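Peer 1: The structure follows.
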Amino acid sequence: MKKINMHLLTSRSILAFHLAAQENSFTKAADTLNVSQPAISHGVRQLEERLGVELFERNPQGVVLTEIGEKLARRIQRGLAEIQQGLEETLSHTQPEKITLLVSTSVASHWLMPRIARFKHLYPEVQLHCITQDTDQGLQESRFDLCIPLGLAPESGFQRWQFAEEVLTPVCSPEFAYRHQLQHLSAINDIPLIHLEERYNSRYNWQHFFDDCSLSPHSARGDETYNDYSIVLQAAMEGQGLALGWQHIVGPLIQQGKLVAPFEQQIATNQPFHIIAPEHKPLNPNAKALLDWLLNEMQ
């Protein structure tokens with residue numbers, strides 16, 4: 001095999017050939033590089049003259065790679081892919097990798113924010129990008145490293161890890177509990193309830209609670225409904241009614257005295273919350289560190 005002095009070849013001529021081979025067009029290659037079509041044609045011709053072969057068949061309809069041109073195009077494609085990977089690996093050592101966590105507003109506000117300083121202390125080099133989204137629609141198309149869905153974890157397309165059991169209990173402000181003398185579940189029929197607007201049939205609501213506790217259907221007089229669980233909790237803390245509290249979210253609010261659980265009744269649904277990640281995307285070390293931290297914090 002003949003040896004070639006690479007210094008005699010220009011990167012411009014190799015790049016012109018590579019793009020023309022990809023596009024099967026000198027014109028489209030010129031548009032990609034933002035140069036004139038003759039500049040691409042000249043670069044390819046320069047490479048052909050240096051190698052002593054024809055890389056394209058030229059005809060009035062356009063250009064087509066020759067057999068030897070196809071072989072060279074494949075090798076250059078592999079070589080450029082290797083160069084790109086090397087450059088990206090080098091760049092990753094100079095820029096912190098951003099980890100995207102997708103969660104609901106309520107989880108972000110009441111569970112994550114009080115704890116996030118501990119994560120930053122343990123992993124100061126990790127750049128965390130937290131996005132709040134109060135819907136599970138479009139998860140397949142969303143870009144994230146980790147997500148805690150509102151509803152049940154999707155059956156396919158994602159890795160998943162159990163985050164928290166679903167345990168619920170009614171909650172309200174201390175003042176509301178005192179004013180209505182809440183001691184027995186039967187009192188629920190005489191007080192306003194705060195509802196979360198149904199988006200997922202898979203999650204628990206007040207009707208489920210009435211059924212499980214063998215209570216009569218509740219009159220809607222004075223009830224309020226919101227489509228954001230953070231607002232549901234805010235309304236409960238302001239004494240507007242009784243809300244269903246997911247234990248992993250309302251626990252800190254109860255500890256702080258902002259909410260109380262006036263009844264001993266707790267409902268465990270056996271439908272846990274999960275953390276999910278795209279199935280086709282292996283977790284990088286920073287995403288794995290965040291996952292382990294989330295699971296440990298929940299424990």
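Letters A, B, ... go to the chains of the structure tokens in the order shown; residues in each chain start at 1; ligands are counted from 1 in the same order.
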Leaving out Glu297 (chain A) and any residue of its chain fewer than 4 positions from it, which residues lie within 12 Å of it when counting only C-alpha atoms, given as a list in words?
Peer 2: Trp111, Leu112, Pro114, Arg115, Ile116, Arg118, Phe119, Phe163, Ala164, His248, Leu290, Leu291, Asp292 and Trp293 of chain A
Peer 1: Give me the residues near Pro272 (chain A) as a PDB file with N, CA, C and O atoms, in the first residue's frame, where near means some atom within 12 Å (using only C-alpha atoms) and where sequence neighbours in that chain fewer than 3 positions away do not count.
Peer 2:
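Now in part_5.pdb:
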ATOM      1  N   ILE A 148     -39.336  12.129  38.781  1.00  0.00           N
ATOM      2  CA  ILE A 148     -40.271  11.525  39.743  1.00  0.00           C
ATOM      3  C   ILE A 148     -41.667  11.831  39.230  1.00  0.00           C
ATOM      4  O   ILE A 148     -42.171  12.937  39.419  1.00  0.00           O
ATOM      5  N   PRO A 149     -42.321  10.881  38.534  1.00  0.00           N
ATOM      6  CA  PRO A 149     -43.633  11.151  37.943  1.00  0.00           C
ATOM      7  C   PRO A 149     -44.699  11.392  39.006  1.00  0.00           C
ATOM      8  O   PRO A 149     -44.596  10.931  40.139  1.00  0.00           O
ATOM      9  N   LEU A 150     -45.738  12.103  38.597  1.00  0.00           N
ATOM     10  CA  LEU A 150     -46.892  12.312  39.471  1.00  0.00           C
ATOM     11  C   LEU A 150     -47.705  11.025  39.606  1.00  0.00           C
ATOM     12  O   LEU A 150     -48.159  10.668  40.686  1.00  0.00           O
ATOM     13  N   GLY A 151     -47.921  10.361  38.478  1.00  0.00           N
ATOM     14  CA  GLY A 151     -48.714   9.141  38.471  1.00  0.00           C
ATOM     15  C   GLY A 151     -47.833   7.912  38.580  1.00  0.00           C
ATOM     16  O   GLY A 151     -46.673   7.975  39.003  1.00  0.00           O
ATOM     17  N   LEU A 152     -48.385   6.773  38.180  1.00  0.00           N
ATOM     18  CA  LEU A 152     -47.613   5.538  38.202  1.00  0.00           C
ATOM     19  C   LEU A 152     -46.525   5.590  37.143  1.00  0.00           C
ATOM     20  O   LEU A 152     -46.698   6.194  36.083  1.00  0.00           O
ATOM     21  N   ALA A 153     -45.400   4.959  37.424  1.00  0.00           N
ATOM     22  CA  ALA A 153     -44.288   4.952  36.482  1.00  0.00           C
ATOM     23  C   ALA A 153     -44.697   4.221  35.203  1.00  0.00           C
ATOM     24  O   ALA A 153     -45.395   3.206  35.255  1.00  0.00           O
ATOM     25  N   ARG A 160     -36.532   2.157  36.366  1.00  0.00           N
ATOM     26  CA  ARG A 160     -37.233   2.754  37.493  1.00  0.00           C
ATOM     27  C   ARG A 160     -36.744   2.166  38.809  1.00  0.00           C
ATOM     28  O   ARG A 160     -36.332   1.006  38.890  1.00  0.00           O
ATOM     29  N   TRP A 161     -36.813   3.024  39.845  1.00  0.00           N
ATOM     30  CA  TRP A 161     -36.412   2.658  41.197  1.00  0.00           C
ATOM     31  C   TRP A 161     -37.493   3.165  42.146  1.00  0.00           C
ATOM     32  O   TRP A 161     -37.960   4.305  42.023  1.00  0.00           O
ATOM     33  N   GLN A 162     -37.897   2.357  43.118  1.00  0.00           N
ATOM     34  CA  GLN A 162     -38.953   2.790  44.042  1.00  0.00           C
ATOM     35  C   GLN A 162     -38.445   3.915  44.932  1.00  0.00           C
ATOM     36  O   GLN A 162     -37.402   3.810  45.568  1.00  0.00           O
ATOM     37  N   PHE A 163     -39.205   4.998  44.957  1.00  0.00           N
ATOM     38  CA  PHE A 163     -38.833   6.195  45.705  1.00  0.00           C
ATOM     39  C   PHE A 163     -39.549   6.258  47.048  1.00  0.00           C
ATOM     40  O   PHE A 163     -38.928   6.486  48.086  1.00  0.00           O
ATOM     41  N   ALA A 164     -40.866   6.058  47.038  1.00  0.00           N
ATOM     42  CA  ALA A 164     -41.634   6.161  48.281  1.00  0.00           C
ATOM     43  C   ALA A 164     -42.919   5.369  48.165  1.00  0.00           C
ATOM     44  O   ALA A 164     -43.532   5.315  47.100  1.00  0.00           O
ATOM     45  N   GLU A 165     -43.327   4.760  49.261  1.00  0.00           N
ATOM     46  CA  GLU A 165     -44.653   4.146  49.314  1.00  0.00           C
ATOM     47  C   GLU A 165     -45.712   5.245  49.276  1.00  0.00           C
ATOM     48  O   GLU A 165     -45.478   6.363  49.736  1.00  0.00           O
ATOM     49  N   GLU A 166     -46.875   4.918  48.724  1.00  0.00           N
ATOM     50  CA  GLU A 166     -47.976   5.878  48.743  1.00  0.00           C
ATOM     51  C   GLU A 166     -48.787   5.638  50.019  1.00  0.00           C
ATOM     52  O   GLU A 166     -49.536   4.672  50.124  1.00  0.00           O
ATOM     53  N   VAL A 167     -48.601   6.541  50.979  1.00  0.00           N
ATOM     54  CA  VAL A 167     -49.343   6.493  52.245  1.00  0.00           C
ATOM     55  C   VAL A 167     -50.001   7.856  52.427  1.00  0.00           C
ATOM     56  O   VAL A 167     -49.335   8.890  52.334  1.00  0.00           O
ATOM     57  N   LEU A 168     -51.319   7.862  52.687  1.00  0.00           N
ATOM     58  CA  LEU A 168     -52.065   9.111  52.789  1.00  0.00           C
ATOM     59  C   LEU A 168     -52.793   9.226  54.115  1.00  0.00           C
ATOM     60  O   LEU A 168     -53.194   8.207  54.703  1.00  0.00           O
ATOM     61  N   SER A 202     -54.944   6.745  38.311  1.00  0.00           N
ATOM     62  CA  SER A 202     -54.151   5.801  39.089  1.00  0.00           C
ATOM     63  C   SER A 202     -53.836   6.321  40.491  1.00  0.00           C
ATOM     64  O   SER A 202     -53.337   5.580  41.315  1.00  0.00           O
ATOM     65  N   ARG A 203     -54.094   7.626  40.768  1.00  0.00           N
ATOM     66  CA  ARG A 203     -53.771   8.163  42.083  1.00  0.00           C
ATOM     67  C   ARG A 203     -55.014   8.326  42.942  1.00  0.00           C
ATOM     68  O   ARG A 203     -56.140   8.390  42.468  1.00  0.00           O
ATOM     69  N   TYR A 204     -54.780   8.423  44.214  1.00  0.00           N
ATOM     70  CA  TYR A 204     -55.819   8.386  45.237  1.00  0.00           C
ATOM     71  C   TYR A 204     -56.549   9.727  45.326  1.00  0.00           C
ATOM     72  O   TYR A 204     -55.972  10.786  45.111  1.00  0.00           O
ATOM     73  N   TRP A 246     -50.115  13.300  51.143  1.00  0.00           N
ATOM     74  CA  TRP A 246     -49.175  12.220  50.850  1.00  0.00           C
ATOM     75  C   TRP A 246     -48.046  12.328  51.867  1.00  0.00           C
ATOM     76  O   TRP A 246     -47.404  13.380  51.990  1.00  0.00           O
ATOM     77  N   GLN A 247     -47.817  11.236  52.583  1.00  0.00           N
ATOM     78  CA  GLN A 247     -46.951  11.261  53.754  1.00  0.00           C
ATOM     79  C   GLN A 247     -45.553  11.812  53.459  1.00  0.00           C
ATOM     80  O   GLN A 247     -45.002  12.590  54.241  1.00  0.00           O
ATOM     81  N   HIS A 248     -44.967  11.421  52.321  1.00  0.00           N
ATOM     82  CA  HIS A 248     -43.596  11.844  52.054  1.00  0.00           C
ATOM     83  C   HIS A 248     -43.503  13.343  51.759  1.00  0.00           C
ATOM     84  O   HIS A 248     -42.419  13.928  51.840  1.00  0.00           O
ATOM     85  N   ALA A 268     -52.536   3.043  52.951  1.00  0.00           N
ATOM     86  CA  ALA A 268     -51.411   2.619  52.111  1.00  0.00           C
ATOM     87  C   ALA A 268     -51.987   1.941  50.870  1.00  0.00           C
ATOM     88  O   ALA A 268     -52.778   1.004  50.982  1.00  0.00           O
ATOM     89  N   THR A 269     -51.615   2.419  49.707  1.00  0.00           N
ATOM     90  CA  THR A 269     -52.269   1.975  48.474  1.00  0.00           C
ATOM     91  C   THR A 269     -51.551   0.855  47.739  1.00  0.00           C
ATOM     92  O   THR A 269     -52.095   0.279  46.810  1.00  0.00           O
ATOM     93  N   ILE A 275     -38.701   6.737  40.893  1.00  0.00           N
ATOM     94  CA  ILE A 275     -37.792   7.587  40.116  1.00  0.00           C
ATOM     95  C   ILE A 275     -37.531   6.849  38.816  1.00  0.00           C
ATOM     96  O   ILE A 275     -37.273   5.641  38.828  1.00  0.00           O
TER      97      ILE A 275
END
Peer 1: Could you check which of A:Ala20, A:Ala243, A:Leu294, A:Ala287 is closest to Phe176 (chain A), using only C-alpha atoms?
Peer 2: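 Answer, going by the shortest atom-to-atom distance: A:Ala243.
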Peer 1: Tell me, as a compact mmCIF listing (two decimals) with N, CA, C and O atoms, in the first residue's frame, which residues lie within 8 Å of Ile14 (chain A), counting only C-alpha atoms; anything in the same chain fewer than 6 positions away does not count.
Peer 2:
# COMPACT_ATOMS: atom_id res chain seq x y z
N GLY A 43 -12.18 21.99 -3.83
CA GLY A 43 -11.58 21.18 -2.77
C GLY A 43 -11.59 19.71 -3.10
O GLY A 43 -10.62 18.99 -2.85
N VAL A 44 -12.72 19.21 -3.64
CA VAL A 44 -12.81 17.81 -4.00
C VAL A 44 -11.84 17.49 -5.13
O VAL A 44 -11.15 16.46 -5.12
N LEU A 47 -8.34 17.13 -3.86
CA LEU A 47 -8.12 15.84 -3.21
C LEU A 47 -7.97 14.74 -4.25
O LEU A 47 -7.10 13.85 -4.12
Peer 1: Residues within 9 Å of His280 (chain A), please, as a list in words. Count only C-alpha atoms; anything in the same chain fewer than 4 positions from it doesn't count.
Peer 2: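 Non-adjacent residues within range: Gly157, Phe158 and Gln159 of chain A.
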Peer 1: May I have all residues of region 11-227 of chain A that DSSP, computed from the backbone, assigns to helix (DSSP H, G or I), given as a PDB file with C-alpha atoms, in the first residue's frame?
Peer 2:
ATOM      1  CA  SER A  11      -8.368  19.694   5.985  1.00  0.00           C
ATOM      2  CA  ARG A  12     -10.563  21.897   3.807  1.00  0.00           C
ATOM      3  CA  SER A  13     -10.407  19.476   0.877  1.00  0.00           C
ATOM      4  CA  ILE A  14     -11.110  16.471   3.142  1.00  0.00           C
ATOM      5  CA  LEU A  15     -14.047  18.262   4.766  1.00  0.00           C
ATOM      6  CA  ALA A  16     -15.390  19.320   1.363  1.00  0.00           C
ATOM      7  CA  PHE A  17     -15.307  15.700   0.209  1.00  0.00           C
ATOM      8  CA  HIS A  18     -16.876  14.424   3.448  1.00  0.00           C
ATOM      9  CA  LEU A  19     -19.851  16.794   3.257  1.00  0.00           C
ATOM     10  CA  ALA A  20     -20.326  16.302  -0.481  1.00  0.00           C
ATOM     11  CA  ALA A  21     -20.332  12.529   0.086  1.00  0.00           C
ATOM     12  CA  GLN A  22     -22.910  12.863   2.877  1.00  0.00           C
ATOM     13  CA  GLU A  23     -25.211  15.097   0.845  1.00  0.00           C
ATOM     14  CA  PHE A  26     -21.708  19.917  -3.971  1.00  0.00           C
ATOM     15  CA  THR A  27     -24.382  22.613  -3.585  1.00  0.00           C
ATOM     16  CA  LYS A  28     -25.760  21.265  -0.288  1.00  0.00           C
ATOM     17  CA  ALA A  29     -22.218  20.788   1.040  1.00  0.00           C
ATOM     18  CA  ALA A  30     -21.496  24.428   0.163  1.00  0.00           C
ATOM     19  CA  ASP A  31     -24.628  25.536   2.026  1.00  0.00           C
ATOM     20  CA  THR A  32     -23.550  23.592   5.110  1.00  0.00           C
ATOM     21  CA  LEU A  33     -20.106  25.224   5.130  1.00  0.00           C
ATOM     22  CA  GLN A  37     -20.334  25.706  -4.698  1.00  0.00           C
ATOM     23  CA  PRO A  38     -17.119  26.192  -6.751  1.00  0.00           C
ATOM     24  CA  ALA A  39     -15.149  26.167  -3.482  1.00  0.00           C
ATOM     25  CA  ILE A  40     -16.462  22.668  -2.683  1.00  0.00           C
ATOM     26  CA  SER A  41     -15.831  21.509  -6.247  1.00  0.00           C
ATOM     27  CA  HIS A  42     -12.271  22.877  -6.098  1.00  0.00           C
ATOM     28  CA  GLY A  43     -11.580  21.180  -2.770  1.00  0.00           C
ATOM     29  CA  VAL A  44     -12.814  17.807  -4.005  1.00  0.00           C
ATOM     30  CA  ARG A  45     -10.837  18.162  -7.253  1.00  0.00           C
ATOM     31  CA  GLN A  46      -7.717  19.024  -5.273  1.00  0.00           C
ATOM     32  CA  LEU A  47      -8.122  15.835  -3.214  1.00  0.00           C
ATOM     33  CA  GLU A  48      -8.722  13.746  -6.335  1.00  0.00           C
ATOM     34  CA  GLU A  49      -5.584  15.114  -7.977  1.00  0.00           C
ATOM     35  CA  ARG A  50      -3.493  14.449  -4.889  1.00  0.00           C
ATOM     36  CA  LEU A  51      -4.792  10.841  -4.664  1.00  0.00           C
ATOM     37  CA  GLU A  67     -16.717   2.756  -5.652  1.00  0.00           C
ATOM     38  CA  ILE A  68     -13.375   3.969  -4.346  1.00  0.00           C
ATOM     39  CA  GLY A  69     -15.072   7.192  -3.248  1.00  0.00           C
ATOM     40  CA  GLU A  70     -17.591   5.246  -1.151  1.00  0.00           C
ATOM     41  CA  LYS A  71     -14.796   3.351   0.619  1.00  0.00           C
ATOM     42  CA  LEU A  72     -12.945   6.561   1.410  1.00  0.00           C
ATOM     43  CA  ALA A  73     -16.139   8.286   2.605  1.00  0.00           C
ATOM     44  CA  ARG A  74     -16.830   5.473   5.093  1.00  0.00           C
ATOM     45  CA  ARG A  75     -13.310   5.651   6.528  1.00  0.00           C
ATOM     46  CA  ILE A  76     -13.375   9.438   6.839  1.00  0.00           C
ATOM     47  CA  GLN A  77     -16.789   9.213   8.536  1.00  0.00           C
ATOM     48  CA  ARG A  78     -15.385   6.819  11.153  1.00  0.00           C
ATOM     49  CA  GLY A  79     -12.325   8.996  11.646  1.00  0.00           C
ATOM     50  CA  LEU A  80     -14.311  12.188  12.121  1.00  0.00           C
ATOM     51  CA  ALA A  81     -16.667  10.421  14.557  1.00  0.00           C
ATOM     52  CA  GLU A  82     -13.612   9.398  16.605  1.00  0.00           C
ATOM     53  CA  ILE A  83     -12.323  12.974  16.554  1.00  0.00           C
ATOM     54  CA  GLN A  84     -15.728  14.303  17.649  1.00  0.00           C
ATOM     55  CA  GLN A  85     -15.891  11.819  20.542  1.00  0.00           C
ATOM     56  CA  GLY A  86     -12.390  12.805  21.653  1.00  0.00           C
ATOM     57  CA  LEU A  87     -13.266  16.502  21.575  1.00  0.00           C
ATOM     58  CA  GLU A  88     -16.493  15.933  23.539  1.00  0.00           C
ATOM     59  CA  GLU A  89     -14.664  13.864  26.162  1.00  0.00           C
ATOM     60  CA  THR A  90     -12.095  16.632  26.529  1.00  0.00           C
ATOM     61  CA  LEU A  91     -14.850  19.236  26.817  1.00  0.00           C
ATOM     62  CA  SER A  92     -16.585  17.205  29.527  1.00  0.00           C
ATOM     63  CA  HIS A  93     -13.473  17.580  31.708  1.00  0.00           C
ATOM     64  CA  THR A  94     -13.559  21.362  31.439  1.00  0.00           C
ATOM     65  CA  THR A 105     -43.946  21.555  42.028  1.00  0.00           C
ATOM     66  CA  SER A 106     -45.053  20.071  45.351  1.00  0.00           C
ATOM     67  CA  VAL A 107     -42.154  17.608  45.573  1.00  0.00           C
ATOM     68  CA  ALA A 108     -39.715  20.361  44.608  1.00  0.00           C
ATOM     69  CA  SER A 109     -41.140  22.849  47.130  1.00  0.00           C
ATOM     70  CA  HIS A 110     -41.860  20.664  50.138  1.00  0.00           C
ATOM     71  CA  TRP A 111     -39.466  17.717  49.831  1.00  0.00           C
ATOM     72  CA  LEU A 112     -36.483  18.659  47.649  1.00  0.00           C
ATOM     73  CA  ILE A 116     -30.924  20.317  48.425  1.00  0.00           C
ATOM     74  CA  ALA A 117     -28.195  22.106  50.392  1.00  0.00           C
ATOM     75  CA  ARG A 118     -27.037  18.723  51.678  1.00  0.00           C
ATOM     76  CA  PHE A 119     -26.678  17.432  48.123  1.00  0.00           C
ATOM     77  CA  LYS A 120     -24.683  20.509  47.038  1.00  0.00           C
ATOM     78  CA  HIS A 121     -22.416  20.062  50.064  1.00  0.00           C
ATOM     79  CA  LEU A 122     -21.731  16.431  49.156  1.00  0.00           C
ATOM     80  CA  PRO A 174     -53.863  23.328  63.643  1.00  0.00           C
ATOM     81  CA  GLU A 175     -56.380  26.181  63.881  1.00  0.00           C
ATOM     82  CA  PHE A 176     -58.829  24.386  61.556  1.00  0.00           C
ATOM     83  CA  ALA A 177     -58.572  21.157  63.582  1.00  0.00           C
ATOM     84  CA  TYR A 178     -59.228  23.056  66.808  1.00  0.00           C
ATOM     85  CA  ARG A 179     -62.119  25.086  65.386  1.00  0.00           C
ATOM     86  CA  LEU A 185     -63.663  10.467  61.000  1.00  0.00           C
ATOM     87  CA  SER A 186     -67.409  11.054  61.021  1.00  0.00           C
ATOM     88  CA  ALA A 187     -66.671  14.780  61.336  1.00  0.00           C
ATOM     89  CA  ILE A 188     -65.507  14.798  57.707  1.00  0.00           C
ATOM     90  CA  ASN A 189     -69.112  14.955  56.534  1.00  0.00           C
ATOM     91  CA  ASP A 190     -69.567  18.370  58.161  1.00  0.00           C
ATOM     92  CA  TRP A 206     -61.296  11.714  48.445  1.00  0.00           C
ATOM     93  CA  GLN A 207     -63.809   9.304  46.902  1.00  0.00           C
ATOM     94  CA  HIS A 208     -61.321   6.465  47.394  1.00  0.00           C
ATOM     95  CA  PHE A 209     -60.863   7.569  50.996  1.00  0.00           C
ATOM     96  CA  PHE A 210     -64.615   7.518  51.663  1.00  0.00           C
ATOM     97  CA  ASP A 211     -64.883   4.058  50.131  1.00  0.00           C
ATOM     98  CA  ASP A 212     -61.953   2.661  52.128  1.00  0.00           C
TER      99      ASP A 212
END
Peer 1: Give the answer as one residue: which of A:Leu215, A:Val103, A:Leu259, A:Cys147 has the shortest atom-to-atom distance to Val171 (chain A), using only C-alpha atoms?
Peer 2: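 Looking only at the distances to Val171 (chain A), the closest residue turns out to be A:Leu259.
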Peer 1: With only C-alpha atoms as the atoms that count, which of A:Val35, A:Lys281, A:Pro154, A:Ala289 lies nearest to Gln127 (chain A)?
Peer 2: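 For Gln127 (chain A), the nearest of the given residues is A:Ala289.
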